[in-house]
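Okay, structure first, notes after.
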2 protein chains.
Amino acid sequence: MNEILFLEHKAYQLRVDCLQATTAAGSGHVTSCLSAADIVAALFFHVMQFDPDAYDNPCNDRFILSKGHAAPLLYAAWKELGKISEKELVTLRQFNSRLEGHPTPRFSYSEAATGSLGQGLSVGVGMACAAHADKHDYHTFVLLGDSEMTEGSNWEAAELASYYRLNNLIAIIDVNRLGQSTQTIEGYHLERYKKKFEAFGWRAVTVDGHNMAELVKVLASAREETEKPIIIIAKTIKGYGLDAEIEGQEGFHGKALPSDRLNEFLELLRQKFPEAAQYNQQEKEYKNNIPSYCEDDAKKTETKFQKSNYQLGDMIATRKAYGQALVHLGACDSTVVSLDAEVKNSTYAELFEKAYPDRFYQCFIAEQNMVGMGVGMQGRGKTPFISTFAAFFSRAYDQVRMASVGRVPLRLIGSHAGVSIGQDGPSQMGLEDIAMMRALPESIVLYPCDAVSTHACVGIMHGYDKGISYLRTTRMQTLVIYAQDENFTIGGCKIIKQTTQDKLCIIAAGVTLFEALKAYEELQKQGINVTVIDCYSIKPLPIDELVQAIKAAGNRFITVEDHYVQGGLGEAVCSTLCNQSFESIKLAVNKLPRSGKPEELLVFEGIDTQAIITAVQKLL
Amino acid sequence: MNEILFLEHKAYQLRVDCLQATTAAGSGHVTSCLSAADIVAALFFHVMQFDPDAYDNPCNDRFILSKGHAAPLLYAAWKELGKISEKELVTLRQFNSRLEGHPTPRFSYSEAATGSLGQGLSVGVGMACAAHADKHDYHTFVLLGDSEMTEGSNWEAAELASYYRLNNLIAIIDVNRLGQSTQTIEGYHLERYKKKFEAFGWRAVTVDGHNMAELVKVLASAREETEKPIIIIAKTIKGYGLDAEIEGQEGFHGKALPSDRLNEFLELLRQKFPEAAQYNQQEKEYKNNIPSYCEDDAKKTETKFQKSNYQLGDMIATRKAYGQALVHLGACDSTVVSLDAEVKNSTYAELFEKAYPDRFYQCFIAEQNMVGMGVGMQGRGKTPFISTFAAFFSRAYDQVRMASVGRVPLRLIGSHAGVSIGQDGPSQMGLEDIAMMRALPESIVLYPCDAVSTHACVGIMHGYDKGISYLRTTRMQTLVIYAQDENFTIGGCKIIKQTTQDKLCIIAAGVTLFEALKAYEELQKQGINVTVIDCYSIKPLPIDELVQAIKAAGNRFITVEDHYVQGGLGEAVCSTLCNQSFESIKLAVNKLPRSGKPEELLVFEGIDTQAIITAVQKLL
């Protein structure tokens with residue numbers, strides 16, 4: 001059958017290209033490419049329906065390389081599609097090349113940055129959800145390595161795929177039996193993968209991953225599935241195409257073949273696949289199943305995001321203001337969706353669910369998959385707002401980190417920040433979240449103290465597309481201190497109290513702003529004037545405003561925050577301003593907290609009104 | 001049967017206590033306690049073999065409350081065992097009480113801090129592994145909530161439990177159908193849980209979780225299992241024991257019952273369980289199956305940890321020195337075990353495996369479970385050293401955070417730190433790890449530059465038991481610069497270059513120390529003398545030494561590090577020293593890196609020799 005030989009030829013060519021690229025680079029995972037070459041050939045040149053010349057067509061099938069270390073295979077496929085030259089292919093892993101060691105968006109045909117394993121399936125779940133939401137027919141394909149199947153995130157994704165009946169999601173496991181340093185847990189027991197996926201509600205099929213006719217049949221029929229997500233468990237051989245020295249052997253993971261033996265190995269490939277090697281490419285031009293260009297239904301409705309209508313003096317938790325702002329934003333932009341990890345009644349994502357049930361995604365207690373889903377949805381034109389307890393984003397930090405590598409502008413909302421949550425105790429307190437989120441390139445970190453500023457921050461996040469944006473919200477109710485027409489900006493702050501007699505500047509954010517304001521009142525009684533700043537933009541910092549205010553206040557400042565000292569507001573401010581001749585004290589959470597009343601815990605950690613007053617007195 | 005009635009009475013009493021404690025606290029997850037009360041009664045007063053009066057007996061069965069929000073139930077059980085008074089029980093969630101909202105080690109009968117869901121099973125896997133290693137007969141019981149079963153970490157644990165044939169591990173799912181804000185994914189489909197666990201190689205049994213006779217039978221026979229880990233899937237009702245207003249209803253998660261209705265609810269309990277309520281406790285004293293006290297086989301061998309024997313001028317990667325040091329430590333202390341996430345040939349944990357195959361735990365690519373396993377093993381007298389790529393600890397940050405809440409002195413080793421890994425690209429680069437690990441209370445962060453100091457750091461970590469200790473290692477080979485008899489300490493540093501003419505102090509660690517030393521040579525040629533400090537102890541910082549050295553060097557300093565600027569060495573130093581009148585520049589990774597040669601990437605990020613020289617010139 002000519003079509004099969006054509007595909008075998010493509011697989012052969014991918015193998016040749018992977019050898020050449022990795023040997024030229026002097027590193028790379030060539031054996032992991034060789035096991036999956038037939039699968040990728042079958043997908044790219046037969047099964048998948050997409051237009052390489054119109055990659056932005058919303059109706060193209062999508063391919064996610066979860067086993068990101070097989071990046072050369074992805075690049076080789078796009079070389080065969082005419083989007084990479086032979087010359088460029090051998091720039092693999094070079095500093096100026098867009099062909100990185102693991103796929104990143106610098107190569108624009110990557111659907112996601114991968115390379116931290118066990119993340120691609122979640123991205124696929126997000127894309128498949130977006131397809132359903134937009135009533136698009138495209139399918140999402142995810143190529144998984146067998147080693148990565150031990151990552152629990154895959155089972156989170158499997159569960160959600162089944163829950164959302166993603167009949168448009170097709171995952172393939174390249175079961176080559178060998179991991180980096182040892183055999184996989186399941187080895188060649190394909191039936192074990194099958195049983196697991198079936199138990200998670202998927203249809204599961206096994207196949208010989210090097211039999212092109214079988215592969216094409218199985219993959220093509222998977223694309224016709226109407227009920228469930230499908231997993232195709234392909235038995236393969238690591239390094240397939242080379243000889244017994246390497247094929248199926250341990251010790252060759254992540255090792256490029258030596259350049260002085262490249263020709264020998266290329267000759268091996270020719271001998272192994274004689275017909276495919278000799279196939280005349282001209283006989284069949286690439287002519288895939290190209291879908292007609294379709295318009296994206298989910299166009300923005302483009303209503304302007306309005307200011308909030310909270311009244312000065314209202315008491316409302318910022319987490320609730322988040323939920324209310326999101327409802328409003330939902331009316332302004334139909335691409336906005338809400339993802340929540342089974343705490344919607346705590347984060348107030350439930351308000352959005354009530355307003356837009358079809359645009360709310362219950363992600364259950366599976367934070368890793370939730371963030372990965374968000375990456376996939378963002379990639380398909382949605383604007384996800386992703387919420388859980390601030391503490392539990394630590395569960396998905398690798399996914400957030402990879403979203404950052406992938407330059408995905410995810411919008412994350414962590415509620416129940418700090419010791420001020422009280423009785424539930426330290427397991428529920430977000431105390432490392434600012435440190436985590438600040439550490440990512442291009443991220444912004446916003447920590448508003450009241451409902452008006454929270455509302456504004458949601459609008460800011462909506463407009464921010466350079467990286468991760470993080471909103472930190474508070475459990476307890478706080479006073480509305482801003483008028484509705486107040487402006488808030490990235491890198492902004494608000495000087496709440498200031499006189500020309502100020503002796504010191506207090507820099508606070510979130511709950512501690514109210515402690516600072518109480519301290520201000522007390523200090524006034526003692527005849528001490530201080531500046532009080534609401535530093536709601538923790539990253540980037542309002543450096544000029546802070547410097548100016550501190551200089552005007554005797555060159556002294558105190559930072560006070562409900563977060564561990566490391567990586568928090570205080571370190572950010574103090575390290576940024578350390579070349580100024582300022583005197584300062586950092587008040588932050590320094591001890592492992594415990595259960596108790598919020599006010600007791602603020603005292604325990606020395607971030608309460610009295611601690612501020614004491615620090616002021618110490619500095620004066 | 002009298003025994004059953006006795007247990008039903010205990011369950012009744014637990015329910016009464018949970019109501020009283022949570023109502024007194026005004027918060028708490030009483031309905032989540034009520035669903036599991038029968039299970040806990042059966043375990044604590046019949047099935048488990050342990051001596052409440054000799055809790056340190058290594059042969060006691062162990063109980064982990066993975067659904068940590070049911071903490072009042074745990075406390076109530078220990079009240080019935082005579083270790084908590086009625087008076088203390090109602091101090092639940094108060095600031096001075098050891099009975100926190102979720103269990104922490106402040107209550108000494110907690111086996112682990114829980115409350116971030118999906119972590120208990122991993123802890124159980126670690127304990128069960130320790131039991132096997134020590135040839136102890138005790139069993140480990142883990143009580144799971146059904147909501148938390150969506151956490152992928154559970155499936156990582158399930159996989160490993162099966163791989164290590166943990167026939168001494170018994171987990172119970174309290175299937176009460178209701179999560180915090182919605183119904184669980186599986187609802188009452190008990191057979192779905194069964195299928196999943198069976199697919200993961202467990203024996204699985206379903207049971208009516210409110211039928212004491214059945215429960216006792218199933219749990220007792222599970223303790224006789226010899227082949228596999230067992231999951232007992234118990235169908236329960238949330239709020240069981242109250243009436244239709246609350247039983248099995250949504251909207252009561254995490255809500256204490258109002259105090260003005262407490263008597264009414266207590267009366268309901270009496271009506272629901274009339275015989276159990278009237279049972280005369282005196283009829284049967286608590287007389288559990290108490291194992292005889294057994295000695296722990298795994299006594300430390302107590303050989304002294306010796307200095308390394310690297311020679312000045314040797315080239316060796318610190319990751320390899322880590323592996324070699326661990327082999328040596330293994331001979332000094334038989335409790336030392338190594339856990340690695342399928343990168344043993346990268347982290348060099350493989351050296352330990354070769355030396356002590358029985359003490360090496362291959363944890364496959366499942367970092368969350370690996371860290372949780374470590375917590376369990378530490379709890380049972382082992383001293384785990386846990387290694388993977390620095391980047392991939394981000395995957396387990398929640399587990400590390402919870403270990404910190406649990407005051408567990410876990411020893412973590414992150415290899416392949418920084419952009420200096422080169423071609424593999426940003427997904428593999430640990431660039432947030434210092435920020436992550438610094439942010440934990442009582443943690444220490446060590447980042448040695450050469451083999452001698454790495455070896456010493458392993459010894460330091462072995463002796464550190466107050467919190468998390470983190471060792472950051474480098475991929476590339478580096479020069480041995482320290483003599484074998486050099487001393488290294490927590491909070492120490494090494495002044496490598498210093499003269500009385502120094503104009504500036506360069507503070508570096510790890511790979512950047514060598515850039516600093518090259519800059520030193522160049523600057524010397526230009527007639528500029530600088531101090532160079534190896535700040536291998538990033539937390540705690542050697543503050544006095546730094547201040548002294550900087551003061552002696554013109555009050556100027558530069559920090560240079562292969563880590564994102566936020567939360568790293570530079571922020572730590574600058575924010576600590578910000579009240580000094582120093583001039584400084586922080587050199588750190590500021591841009592999203594990419595694939596390339598290590599030296600190209602150091603240049604790209606401005607942390608190379610030339611960048612240091614330029615910064616020096618700028619400050620002078």
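In the structure tokens, each chain is lettered A, B, ... as it comes, each chain's residues begin at 1, and ligands are numbered from 1 in order of appearance.
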
A:Gln306 surroundings by only C-alpha atoms, 9 Å radius, close-in-sequence under 3 positions cut, as number ranges by chain: A: 303, 328-329, 332, 456, 459

task: Write out as a count of residues only each polymer residue whose atoms come within 10 Å of B:Pro409, counting only C-alpha atoms; drop sequence neighbours fewer than 6 positions from it.
output: 18

field: Among listed residues A:Leu19, A:Ile538, A:Leu266, A:Val336, nearest chain B (using only C-alpha atoms)
entry: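 Ranking A:Leu19, A:Ile538, A:Leu266, A:Val336 by distance to chain B, first place goes to A:Ile538.
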
query: What's the 6 Å shell around B:Gly115, counting only C-alpha atoms, without same-chain residues fewer than 5 positions away, as a PyMOL selection string?
result: (chain A and resi 427) or (chain B and resi 68-69+102)

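With only C-alpha atoms as the atoms that count, the residue of B:Val216, B:Ala509, B:Leu190, B:Ala76 with the shortest distance to B:Thr559 is B:Ala509.
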
Which of stretch 4-128 of chain A fall in strand (DSSP E), as a list in words: Arg62, Phe63, Ile64 and Leu65 of chain A

query: Of the residues A:Phe141, A:Phe305, A:Phe514, A:Phe45, which is the one nearest to A:Arg62, using only C-alpha atoms?
result: A:Phe141

query: Pick from A:Asn96, A:Gln548, A:Gln524, A:Asn176: nearest to chain B, with only C-alpha atoms counted?
result: A:Asn96

- prompt: Skipping near chain neighbours, those fewer than 6 positions away, what residues fall within 12 Å of A:Lys518 using only C-alpha atoms, listed as a PyMOL selection string?
  reply: chain A and resi 497+506+511-512+524-525+530+532+608-613

query: From the list B:Phe252, B:Tyr536, B:Tyr109, B:Phe265, which residue is nearest chain A when using only C-alpha atoms?
result: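 The shortest atom-to-atom distance to chain A comes from B:Phe252.
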